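Structure, as structure tokens:
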2 protein chains.
Amino acid sequence: MTGPGTRVDQAVARLREMIFSGDLAPGSDHLETELAARLGMSRTPLREAALILEAQGLVAVRPRRGVRIQPLLPGDMREIYEILTELESLAAARAAEARQPEAELAGMTAAIDDMDLALATGDLTSWAEADDRFHAELVRLSGSRRIAGIVGMLADQVRRARRLTLHMRPLPTASNDDHRRVLAAIRAGRPDEARRLHRAHRQAAGEMLVGLLEKHHLRQV
Amino acid sequence: MTGPGTRVDQAVARLREMIFSGDLAPGSDHLETELAARLGMSRTPLREAALILEAQGLVAVRPRRGVRIQPLLPGDMREIYEILTELESLAAARAAEARQPEAELAGMTAAIDDMDLALATGDLTSWAEADDRFHAELVRLSGSRRIAGIVGMLADQVRRARRLTLHMRPLPTASNDDHRRVLAAIRAGRPDEARRLHRAHRQAAGEMLVGLLEKHHLRQV
DNA sequence: GCATTTTTTAACGTATACATTATCAAGACC
DNA sequence: GGTCTTGATAATGTATACGTTAAAAAATGC
């Protein structure tokens with residue numbers, strides 16, 4: 001029952017699950033004592049885990065009010081997508097500069113195929129998972145730990161909202177065309193083109209998602 | 001002697017000072033017990049402070065090896081400046097979009113004037129401080145908390161290196177022309193121009209600093 | 001009834017204790 | 001001499017204890 005890693009690691013992992021699943025509702029407050037009891041540990045590791053998650057923007061620790069599950073407003077979503085757009089576009093350019101050996105591109109290729117498959121079977125959850133993988137691979141290929149770290153953090157922050165809107169949005173059938181074009185530009189070693197294509201892709205996705213949140217009056221996710 | 005804020009706050013503030021001043025040397029390791037004693041507190045708040053600084057990329061906490069003061073390699077510097085370039089350029093564009101009232105631009109204007117003054121008197125430390133202020137004001141005007149947070153974090157990571165190279169570099173006389181042009185584009189409400197100008201400015205600064213580190217064989221700062 | 005003061009409560013910040021376990025050194029063995 | 005085993009050491013991860021203090025509740029005054 002102890003699981004792998006230290007109690008702090010366990011707490012971080014479990015709290016993340018609970019946040020992404022909605023088990024801990026956005027905007028809700030939770031006392032340290034309560035969370036610690038829930039996770040079967042003392043306050044010490046729980047507090048350290050909360051600090052780590054706070055640094056990643058997932059919670060806010062406020063004295064006497066407990067740990068708040070950071071809610072996402074439409075404005076936050078817009079802000080995050082703007083940054084994601086810039087950093088992932090930069091990553092695409094860097095990935096294209098590196099003249100990747102084909103083996104390195106296997107992950108992106110597989111992600112694209114998986115998205116096609118998921119779309120064909122209408123499995124949106126698998127599609128979202130493969131889409132995540134595509135973007136994660138992209139930043140990995142950039143070779144920049146820091147870009148990967150920041151992009152990962154921001155992607156976590158919008159994870160709930162993306163899941164929530166997954167079934168409200170039109171089927172992302174055109175999306176994979178974008179992905180393929182970005183991959184082609186990387187494979188061909190054309191940084192400017194990769195950057196431009198990916199920027200347009202992300203911009204469109206961001207506008208669509210913000211639009212969805214506003215249209216459905218989701219003031220807080 | 002207790003100072004303001006909680007012991008964790010104090011520890012974060014004092015460790016930051018010690019890191020930036022070089023009092024804690026880049027690459028050096030420090031046991032929790034030792035640091036806690038040095039700051040006159042127990043390990044509990046020290047550990048929490050270390051976690052916060054780790055999330056900001058200033059230290060790495062490694063079991064049994066203590067808290068490592070994260071060193072900066074030339075490659076890191078390049079990586080950080082690339083991200084800074086993108087995000088600050090984005091900030092410049094957003095700042096220009098907002099059609100700032102003149103009062104909001106006072107901080108940037110003052111920073112530019114202070115840099116002129118500092119250059120005239122050859123006071124490089126004041127120049128660096130005013131330069132920091134210019135960039136901090138820029139991201140503030142963007143209105144994006146997240147851009148400000150990330151840019152601030154990255155600026156902290158290169159702080160030591162910038163101070164170290166401050167007296168190796170040519171006098172940054174042309175730099176303020178760039179600043180003025182960026183400010184003019186923001187004042188005139190021209191986002192694309194602001195973005196383009198600031199990007200060029202940051203790119204040049206980054207290349208110069210990386211060049212300096214390499215030229216002086218500073219493999220780790 | 002409503003505002004203000006006092007009392008109570010309990011959440012937090014921090015110190016401390018302690019078992020666990022990685023690291024280092026000494027010794028055993030080949 | 002070099003490798004492996006064993007034991008000592010001490011740094012860590014975590015639980016627990018407790019004083020402080022903010023927030024809530026109760027009591028008081030109007």
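Here's how to read the names in the structure tokens: chain A, B, ... by the order shown, residue numbers from 1 in each chain, ligand numbers from 1 in the order shown.
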For this session: Identify all residues of region 31-182 of chain B in alpha helix (DSSP H) (DSSP on the backbone) and supply them as a ChimeraX atom specification.
Result: /B:32-39,43-55,74-97,106-121,124-141,145-157,159-165,175-182
Exercise. Any idea what's packed within 6 Å of region 182-198 of chain B, counting only C-alpha atoms (C1' of nucleotides), ignoring anything in its chain fewer than 5 positions away? Could you give it as a PyMOL selection string?
Worked result: chain B and resi 89+92-93+96-97+99
Can I get the selected residues back with C-alpha atoms, as a PDB file, in the first residue's frame?
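Written file, out37.pdb:
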ATOM      1  CA  SER B  89       8.230  39.759 -27.455  1.00  0.00           C
ATOM      2  CA  ALA B  92       5.560  43.668 -25.938  1.00  0.00           C
ATOM      3  CA  ALA B  93       2.841  42.909 -28.462  1.00  0.00           C
ATOM      4  CA  ALA B  96       1.020  47.592 -27.389  1.00  0.00           C
ATOM      5  CA  GLU B  97      -2.459  46.187 -27.940  1.00  0.00           C
ATOM      6  CA  ARG B  99      -3.285  51.235 -25.670  1.00  0.00           C
TER       7      ARG B  99
END
Problem set entry | Expected answer as an MDAnalysis selection string: chain A residues within 12 Å of chain C, only C-alpha atoms (C1' of nucleotides) | chainID A and resid 6 30:34 43:44 47 61:67
Can those selected residues be exported to a file as a PDB file, in the first residue's frame so that it contains N, CA and C atoms?
ATOM      1  N   THR A   6       8.753   8.393  -2.462  1.00  0.00           N
ATOM      2  CA  THR A   6       8.512   8.910  -1.122  1.00  0.00           C
ATOM      3  C   THR A   6       7.041   9.306  -0.970  1.00  0.00           C
ATOM      4  N   HIS A  30      -9.415  22.825   0.781  1.00  0.00           N
ATOM      5  CA  HIS A  30      -9.220  21.597   1.547  1.00  0.00           C
ATOM      6  C   HIS A  30      -8.143  21.806   2.593  1.00  0.00           C
ATOM      7  N   LEU A  31      -8.516  21.558   3.830  1.00  0.00           N
ATOM      8  CA  LEU A  31      -7.561  21.732   4.918  1.00  0.00           C
ATOM      9  C   LEU A  31      -6.439  20.717   4.808  1.00  0.00           C
ATOM     10  N   GLU A  32      -5.272  21.150   5.225  1.00  0.00           N
ATOM     11  CA  GLU A  32      -4.119  20.256   5.175  1.00  0.00           C
ATOM     12  C   GLU A  32      -4.394  18.964   5.940  1.00  0.00           C
ATOM     13  N   THR A  33      -4.969  19.125   7.114  1.00  0.00           N
ATOM     14  CA  THR A  33      -5.253  17.962   7.950  1.00  0.00           C
ATOM     15  C   THR A  33      -6.152  16.973   7.222  1.00  0.00           C
ATOM     16  N   GLU A  34      -7.181  17.529   6.585  1.00  0.00           N
ATOM     17  CA  GLU A  34      -8.144  16.677   5.891  1.00  0.00           C
ATOM     18  C   GLU A  34      -7.465  15.930   4.742  1.00  0.00           C
ATOM     19  N   ARG A  43       0.891  15.592   8.000  1.00  0.00           N
ATOM     20  CA  ARG A  43       0.854  16.874   7.314  1.00  0.00           C
ATOM     21  C   ARG A  43       2.179  17.216   6.649  1.00  0.00           C
ATOM     22  N   THR A  44       3.263  16.724   7.188  1.00  0.00           N
ATOM     23  CA  THR A  44       4.571  17.131   6.659  1.00  0.00           C
ATOM     24  C   THR A  44       4.719  16.849   5.155  1.00  0.00           C
ATOM     25  N   ARG A  47       2.142  18.871   3.024  1.00  0.00           N
ATOM     26  CA  ARG A  47       2.483  20.280   2.828  1.00  0.00           C
ATOM     27  C   ARG A  47       3.524  20.435   1.728  1.00  0.00           C
ATOM     28  N   VAL A  61      -1.933  27.644  -1.906  1.00  0.00           N
ATOM     29  CA  VAL A  61      -1.939  27.371  -0.471  1.00  0.00           C
ATOM     30  C   VAL A  61      -2.168  28.683   0.260  1.00  0.00           C
ATOM     31  N   ARG A  62      -3.259  28.764   0.969  1.00  0.00           N
ATOM     32  CA  ARG A  62      -3.584  30.011   1.658  1.00  0.00           C
ATOM     33  C   ARG A  62      -3.798  29.741   3.133  1.00  0.00           C
ATOM     34  N   PRO A  63      -3.038  30.398   3.979  1.00  0.00           N
ATOM     35  CA  PRO A  63      -3.130  30.162   5.420  1.00  0.00           C
ATOM     36  C   PRO A  63      -4.571  30.212   5.907  1.00  0.00           C
ATOM     37  N   ARG A  64      -4.932  29.272   6.707  1.00  0.00           N
ATOM     38  CA  ARG A  64      -6.255  29.197   7.365  1.00  0.00           C
ATOM     39  C   ARG A  64      -7.384  28.876   6.405  1.00  0.00           C
ATOM     40  N   ARG A  65      -7.124  28.901   5.128  1.00  0.00           N
ATOM     41  CA  ARG A  65      -8.201  28.577   4.204  1.00  0.00           C
ATOM     42  C   ARG A  65      -7.958  27.230   3.546  1.00  0.00           C
ATOM     43  N   GLY A  66      -6.788  26.720   3.743  1.00  0.00           N
ATOM     44  CA  GLY A  66      -6.486  25.417   3.182  1.00  0.00           C
ATOM     45  C   GLY A  66      -5.900  25.496   1.779  1.00  0.00           C
ATOM     46  N   VAL A  67      -5.870  24.364   1.147  1.00  0.00           N
ATOM     47  CA  VAL A  67      -5.332  24.254  -0.207  1.00  0.00           C
ATOM     48  C   VAL A  67      -6.481  24.460  -1.189  1.00  0.00           C
TER      49      VAL A  67
END
Problem set entry | chain A contacts on chain B, only C-alpha atoms, 8 Å, as an MDAnalysis selection string | chainID B and resid 48 51:52 55:56 79:80 83 86:87 90 144 146:147
Please produce a file of those selected residues containing C-alpha atoms, as a compact mmCIF listing (two decimals), in the first residue's frame.
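The resulting file, result04.txt, is shown below:
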# COMPACT_ATOMS: atom_id res chain seq x y z
CA GLU B 48 9.96 24.03 2.23
CA LEU B 51 11.31 23.12 -2.64
CA ILE B 52 10.10 26.56 -3.67
CA ALA B 55 10.52 24.88 -8.61
CA GLN B 56 12.08 28.13 -9.77
CA GLU B 79 18.04 28.08 -24.00
CA ILE B 80 16.82 30.60 -21.46
CA ILE B 83 12.45 31.51 -24.25
CA GLU B 86 9.70 34.72 -27.29
CA LEU B 87 7.83 35.56 -24.13
CA LEU B 90 4.77 38.42 -26.84
CA SER B 144 -0.31 38.59 -18.12
CA ARG B 146 1.79 34.06 -16.20
CA ILE B 147 4.17 35.70 -18.62
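The set of residues in region 19-61 of chain A assigned to strand (DSSP E) by DSSP, using only backbone atoms of this structure, is A:Asp29, A:His30, A:Val59, A:Ala60, A:Val61.
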Dump as JSON lines the rows for residues of chain D within 8 Å of chain A: closest atom pair and distance in Å with one decimal, only C-alpha atoms (C1' of nucleotides) counted, ordered by chain and rising residue number.
{"residue": "D:DG13", "atom": "C1'", "partner": "A:Thr6", "partner_atom": "CA", "distance": 7.5}
{"residue": "D:DT14", "atom": "C1'", "partner": "A:Thr44", "partner_atom": "CA", "distance": 6.8}
{"residue": "D:DA15", "atom": "C1'", "partner": "A:Ser42", "partner_atom": "CA", "distance": 6.3}
{"residue": "D:DA22", "atom": "C1'", "partner": "A:Arg64", "partner_atom": "CA", "distance": 7.2}
For this session: Excluding region 169-172 of chain A and any residue of its chain fewer than 5 positions from it, enumerate the residues within 12 Å of it, using only C-alpha atoms (C1' of nucleotides), and give them as a count of residues only.
Result: 32
Please list as a compact mmCIF listing (two decimals) with N, CA and C atoms, in the first residue's frame every residue within 10 Å of Arg180 (chain B), counting only C-alpha atoms (C1' of nucleotides) and excluding residues in the same chain fewer than 6 positions away.
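This went into part_12.txt:
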# COMPACT_ATOMS: atom_id res chain seq x y z
N MET B 108 8.55 52.55 -17.51
CA MET B 108 9.49 52.26 -18.59
C MET B 108 10.29 53.50 -18.96
N THR B 109 9.59 54.63 -19.04
CA THR B 109 10.27 55.88 -19.38
C THR B 109 11.37 56.18 -18.37
N ILE B 112 14.39 53.95 -18.79
CA ILE B 112 15.23 54.37 -19.92
C ILE B 112 16.09 55.56 -19.53
N ASP B 113 15.47 56.54 -18.88
CA ASP B 113 16.23 57.71 -18.45
C ASP B 113 17.34 57.31 -17.49
N ILE B 186 4.95 50.62 -28.44
CA ILE B 186 3.89 50.33 -27.46
C ILE B 186 2.99 51.56 -27.33
Exercise. Quick one: distance from CA of Leu138 (chain B) to CA of Gly152 (chain A) in Å, one decimal?
Worked result: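 Atom-to-atom, CA of Leu138 (chain B) and CA of Gly152 (chain A) are spaced 25.1 Å apart.
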For this session: Would you work out the distance separating CA of Gly22 (chain A) from CA of Ala136 (chain A), expressed in Å to one decimal?
Result: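 Pair CA of Gly22 (chain A) / CA of Ala136 (chain A) returns 22.8 Å.
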For this session: State, in Å with one decimal place, the distance from CA of Gly107 (chain B) to CA of Ser126 (chain B).
Result: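 If I compute the distance from CA of Gly107 (chain B) to CA of Ser126 (chain B), I get 15.3 Å.
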